[in-house]
$ cat protein-v3.tsv   # TSV, C-alpha atoms
chain	number	residue	atom	x	y	z
A	1	MET	CA	1.06	32.99	-21.97
A	2	SER	CA	0.93	36.72	-22.56
A	3	GLU	CA	4.34	38.28	-23.14
A	4	SER	CA	3.71	41.04	-20.59
A	5	LEU	CA	2.86	38.48	-17.88
A	6	PHE	CA	5.95	36.47	-18.77
A	7	GLU	CA	8.16	39.59	-18.71
A	8	ASP	CA	6.80	40.47	-15.25
A	9	ILE	CA	7.60	36.97	-14.05
A	10	VAL	CA	11.11	36.96	-15.54
A	11	SER	CA	11.94	40.40	-14.17
A	12	ASN	CA	10.91	39.23	-10.68
A	13	ASN	CA	12.65	35.97	-9.77
A	14	ASP	CA	10.22	35.55	-6.89
A	15	ILE	CA	6.60	35.08	-7.98
A	16	ASN	CA	5.36	36.58	-4.72
A	17	SER	CA	6.88	39.95	-5.56
A	18	LEU	CA	4.14	40.27	-8.20
A	19	LEU	CA	1.64	40.24	-5.38
A	20	GLU	CA	3.14	42.89	-3.07
A	21	GLU	CA	-0.05	44.91	-3.04
A	22	THR	CA	-1.96	41.95	-1.58
A	23	ASP	CA	-2.17	41.79	2.21
A	24	SER	CA	-1.01	38.22	2.92
A	25	SER	CA	-2.82	38.08	6.26
A	26	SER	CA	-6.24	38.64	4.66
A	27	SER	CA	-5.98	36.83	1.32
A	28	GLN	CA	-4.21	34.06	-0.50
A	29	ALA	CA	-2.83	34.24	-4.04
A	30	TRP	CA	-3.16	31.48	-6.65
A	31	LEU	CA	-1.27	30.80	-9.86
A	32	VAL	CA	-3.61	29.24	-12.43
A	33	PHE	CA	-1.83	27.27	-15.17
A	34	SER	CA	-2.58	24.64	-17.76
A	35	ALA	CA	-0.92	21.26	-18.19
A	36	GLY	CA	-2.04	19.80	-21.48
A	37	THR	CA	-5.73	20.64	-21.90
A	38	ARG	CA	-6.57	20.94	-18.20
A	39	ASP	CA	-6.24	23.88	-15.80
A	40	TYR	CA	-4.83	23.67	-12.27
A	41	ALA	CA	-4.06	26.07	-9.44
A	42	VAL	CA	-1.19	26.21	-7.00
A	43	ASN	CA	-0.69	28.48	-4.01
A	44	SER	CA	1.69	31.22	-5.14
A	45	ILE	CA	3.82	30.82	-2.00
A	46	ASP	CA	4.76	27.35	-3.29
A	47	VAL	CA	6.14	28.79	-6.54
A	48	LYS	CA	9.71	30.02	-6.79
A	49	GLN	CA	10.18	30.71	-10.47
A	50	ILE	CA	8.96	30.01	-13.99
A	51	LEU	CA	11.52	28.91	-16.60
A	52	ARG	CA	11.00	28.99	-20.34
A	53	ASN	CA	12.80	27.22	-23.19
A	54	SER	CA	15.24	25.27	-21.05
A	55	SER	CA	16.61	21.95	-22.27
A	56	ILE	CA	15.55	18.74	-20.56
A	57	PHE	CA	18.29	16.16	-20.04
A	58	PRO	CA	16.72	12.68	-19.95
A	59	ILE	CA	17.46	10.27	-17.12
A	60	PRO	CA	17.29	6.50	-17.61
A	61	PHE	CA	14.98	4.11	-15.75
A	62	ALA	CA	12.62	6.82	-14.51
A	63	PRO	CA	8.82	6.69	-14.69
A	64	GLN	CA	7.47	7.96	-18.01
A	65	TYR	CA	6.12	11.19	-16.47
A	66	VAL	CA	9.62	12.10	-15.17
A	67	LYS	CA	10.95	13.76	-18.31
A	68	GLY	CA	14.49	14.30	-17.01
A	69	ILE	CA	16.50	17.08	-15.43
A	70	VAL	CA	16.43	20.82	-16.16
A	71	ASN	CA	19.16	23.27	-15.09
A	72	CYS	CA	17.70	25.98	-12.86
A	73	ASN	CA	20.35	28.49	-11.82
A	74	SER	CA	23.04	25.75	-11.82
A	75	LYS	CA	20.84	23.45	-9.76
A	76	PRO	CA	19.36	20.27	-11.27
A	77	MET	CA	15.58	19.96	-10.99
A	78	ALA	CA	13.60	16.80	-11.81
A	79	VAL	CA	11.00	17.61	-14.47
A	80	ILE	CA	7.52	16.15	-13.97
A	81	ASP	CA	5.17	16.33	-16.95
A	82	PHE	CA	2.02	16.90	-14.93
A	83	SER	CA	-0.20	15.99	-17.87
A	84	LEU	CA	1.48	12.54	-18.12
A	85	PHE	CA	1.42	12.24	-14.32
A	86	GLN	CA	-2.38	12.55	-14.52
A	87	GLY	CA	-2.59	9.99	-17.36
A	88	TYR	CA	-3.19	12.45	-20.19
A	89	ALA	CA	-1.18	13.25	-23.35
A	90	GLU	CA	2.47	14.33	-23.16
A	91	GLN	CA	3.19	18.06	-23.33
A	92	ILE	CA	5.49	19.55	-25.94
A	93	LYS	CA	6.05	23.03	-24.47
A	94	SER	CA	9.21	23.90	-22.55
A	95	LEU	CA	7.71	25.92	-19.72
A	96	PHE	CA	8.58	24.90	-16.17
A	97	LEU	CA	7.06	25.78	-12.83
A	98	ILE	CA	9.84	25.69	-10.20
A	99	LEU	CA	8.54	24.97	-6.72
A	100	LYS	CA	9.81	26.18	-3.35
A	101	ASN	CA	10.54	22.86	-1.70
A	102	LYS	CA	13.46	20.70	-0.76
A	103	SER	CA	12.60	18.06	-3.37
A	104	ASP	CA	14.03	19.97	-6.36
A	105	ILE	CA	11.02	19.29	-8.58
A	106	ALA	CA	9.79	21.34	-11.53
A	107	PHE	CA	6.45	20.82	-13.23
A	108	GLN	CA	6.41	20.96	-17.01
A	109	ILE	CA	3.35	23.02	-17.87
A	110	THR	CA	1.69	24.23	-21.04
A	111	ASP	CA	0.80	27.81	-20.14
A	112	VAL	CA	0.42	30.29	-17.29
A	113	LYS	CA	-3.18	31.49	-17.26
A	114	GLU	CA	-3.36	34.10	-14.51
A	115	PHE	CA	-2.80	35.10	-10.90
A	116	GLN	CA	-5.82	35.38	-8.63
A	117	ASN	CA	-6.16	36.28	-4.98
A	118	SER	CA	-8.73	34.68	-2.72
A	119	MET	CA	-10.86	37.83	-2.71
A	120	ASN	CA	-11.72	37.04	-6.36
A	121	VAL	CA	-12.26	33.28	-6.05
A	122	THR	CA	-14.22	30.83	-3.93
A	123	ILE	CA	-12.29	27.93	-2.37
A	124	GLN	CA	-14.25	24.68	-2.05
A	125	ASP	CA	-13.83	20.94	-1.64
A	126	PHE	CA	-12.67	19.11	-4.73
A	127	PRO	CA	-15.87	17.98	-6.49
A	128	ASP	CA	-14.50	14.71	-7.94
A	129	LYS	CA	-14.15	12.52	-4.83
A	130	THR	CA	-12.59	9.69	-6.89
A	131	ASP	CA	-9.36	11.63	-7.53
A	132	VAL	CA	-8.62	13.68	-4.42
A	133	SER	CA	-5.20	12.22	-3.63
A	134	TYR	CA	-3.27	14.92	-5.52
A	135	PHE	CA	-5.63	17.83	-4.90
A	136	SER	CA	-6.30	19.76	-1.70
A	137	GLY	CA	-9.48	21.41	-2.94
A	138	ALA	CA	-10.62	23.58	-5.80
A	139	ILE	CA	-11.15	27.22	-6.61
A	140	ASN	CA	-14.23	28.46	-8.37
A	141	LEU	CA	-13.04	31.05	-10.86
A	142	ASN	CA	-15.75	32.56	-13.07
A	143	ASP	CA	-17.95	29.46	-12.59
A	144	THR	CA	-15.07	27.16	-13.57
A	145	ILE	CA	-13.83	24.61	-11.03
A	146	ILE	CA	-10.02	24.48	-10.99
A	147	PRO	CA	-8.28	21.83	-8.84
A	148	ILE	CA	-5.65	23.02	-6.35
A	149	LEU	CA	-2.51	20.86	-6.39
A	150	ASP	CA	-1.48	19.13	-3.16
A	151	ILE	CA	2.26	19.53	-3.72
A	152	GLU	CA	3.33	17.25	-0.86
A	153	SER	CA	1.24	14.28	-1.99
A	154	ILE	CA	2.53	14.66	-5.56
A	155	ILE	CA	6.15	14.81	-4.35
A	156	ASN	CA	5.61	11.73	-2.18
A	157	LYS	CA	4.18	9.81	-5.16
A	158	VAL	CA	7.16	10.83	-7.34
A	159	LYS	CA	9.62	9.72	-4.64
A	160	VAL	CA	7.97	6.32	-4.31
A	161	ASP	CA	7.87	5.83	-8.09
A	162	LEU	CA	11.54	6.83	-8.46
A	163	GLU	CA	12.60	4.44	-5.68
A	164	ASN	CA	10.68	1.59	-7.32
A	165	SER	CA	12.01	2.15	-10.83
$ encode --input "protein-v3.tsv" --output "structure tokens"
Amino acid sequence: MSESLFEDIVSNNDINSLLEETDSSSSQAWLVFSAGTRDYAVNSIDVKQILRNSSIFPIPFAPQYVKGIVNCNSKPMAVIDFSLFQGYAEQIKSLFLILKNKSDIAFQITDVKEFQNSMNVTIQDFPDKTDVSYFSGAINLNDTIIPILDIESIINKVKVDLENS
């Protein structure tokens, strides 16, 4: 992640303040990030904050992709390694995407790629119909298809897995 992008994010606790010049009624903003070797997108209104270099405190008897708890402004957040969640290799980086939801979940991610608004991207159905349960569609960014996370379905899956562990 570029240092200038990270400094902008850190200096603005709310990701959406980076997008003030965008008219929210006419466009939608996306945060593109990587988890392991794959890129994903999330609607910027679902993102509260990005943390860097925070310690993860493991919790016992949790699914393997639940790495533990991270302290976010004195509030515990469950850390989901999204690469492991998808069945890929574990991530080593300590970068966390804090979501705006009542579930107190943070995604461990590898890197923040960029912010894009919908005027610069094409939104389409997710092309891989075999794995649509955690994606609400895809954006076409420079002829690259990037899946859009369906935050609610991911949170529901995590809740079920935690209750069953």
$ residues_around --input "protein-v3.tsv" --residues "A:Ile56" --least-positions-apart "6" --cutoff "6 Å" --atoms "all atoms listed in the file" --output "MDAnalysis selection string"
chainID A and resid 68:70
$ atom_distance --input "protein-v3.tsv" --atom1 "atom CA of A:Gly87" --atom2 "atom CA of A:Thr110"
15.3 Å
$ atom_distance --input "protein-v3.tsv" --atom1 "atom CA of A:Ile50" --atom2 "atom CA of A:Ile98"
5.8 Å
$ atom_distance --input "protein-v3.tsv" --atom1 "atom CA of A:Ile123" --atom2 "atom CA of A:Thr37"
21.9 Å
$ axis_aligned_box --input "protein-v3.tsv" --around "stretch 71-76 of chain A" --padding-each-side "6 Å" --output "JSON"
{"center_x": 20.4, "center_y": 24.4, "center_z": -12.4, "size_x": 17.3, "size_y": 20.2, "size_z": 17.3}
$ closest_residue --input "protein-v3.tsv" --among "A:Tyr134, A:Asp81, A:Asn53, A:Ile145" --to "A:Ile109" --atoms "all atoms listed in the file"
A:Asp81
$ closest_residue --input "protein-v3.tsv" --among "A:Asn156, A:Gln108, A:Ser133, A:Ser54" --to "A:Leu84" --atoms "all atoms listed in the file"
A:Gln108
$ closest_residue --input "protein-v3.tsv" --among "A:Gln91, A:Asn101, A:Ser34, A:Gln86" --to "A:Lys113" --atoms "all atoms listed in the file"
A:Ser34
$ closest_residue --input "protein-v3.tsv" --among "A:Gln64, A:Ser55, A:Gln124, A:Ser44" --to "A:Leu97" --atoms "all atoms listed in the file"
A:Ser44
$ closest_residue --input "protein-v3.tsv" --among "A:Leu141, A:Glu114, A:Asp125, A:Ile105" --to "A:Ile154" --atoms "all atoms listed in the file"
A:Ile105
$ closest_residue --input "protein-v3.tsv" --among "A:Val79, A:Ile155, A:Ile59, A:Ile146" --to "A:Lys102" --atoms "only C-alpha atoms"
A:Ile155
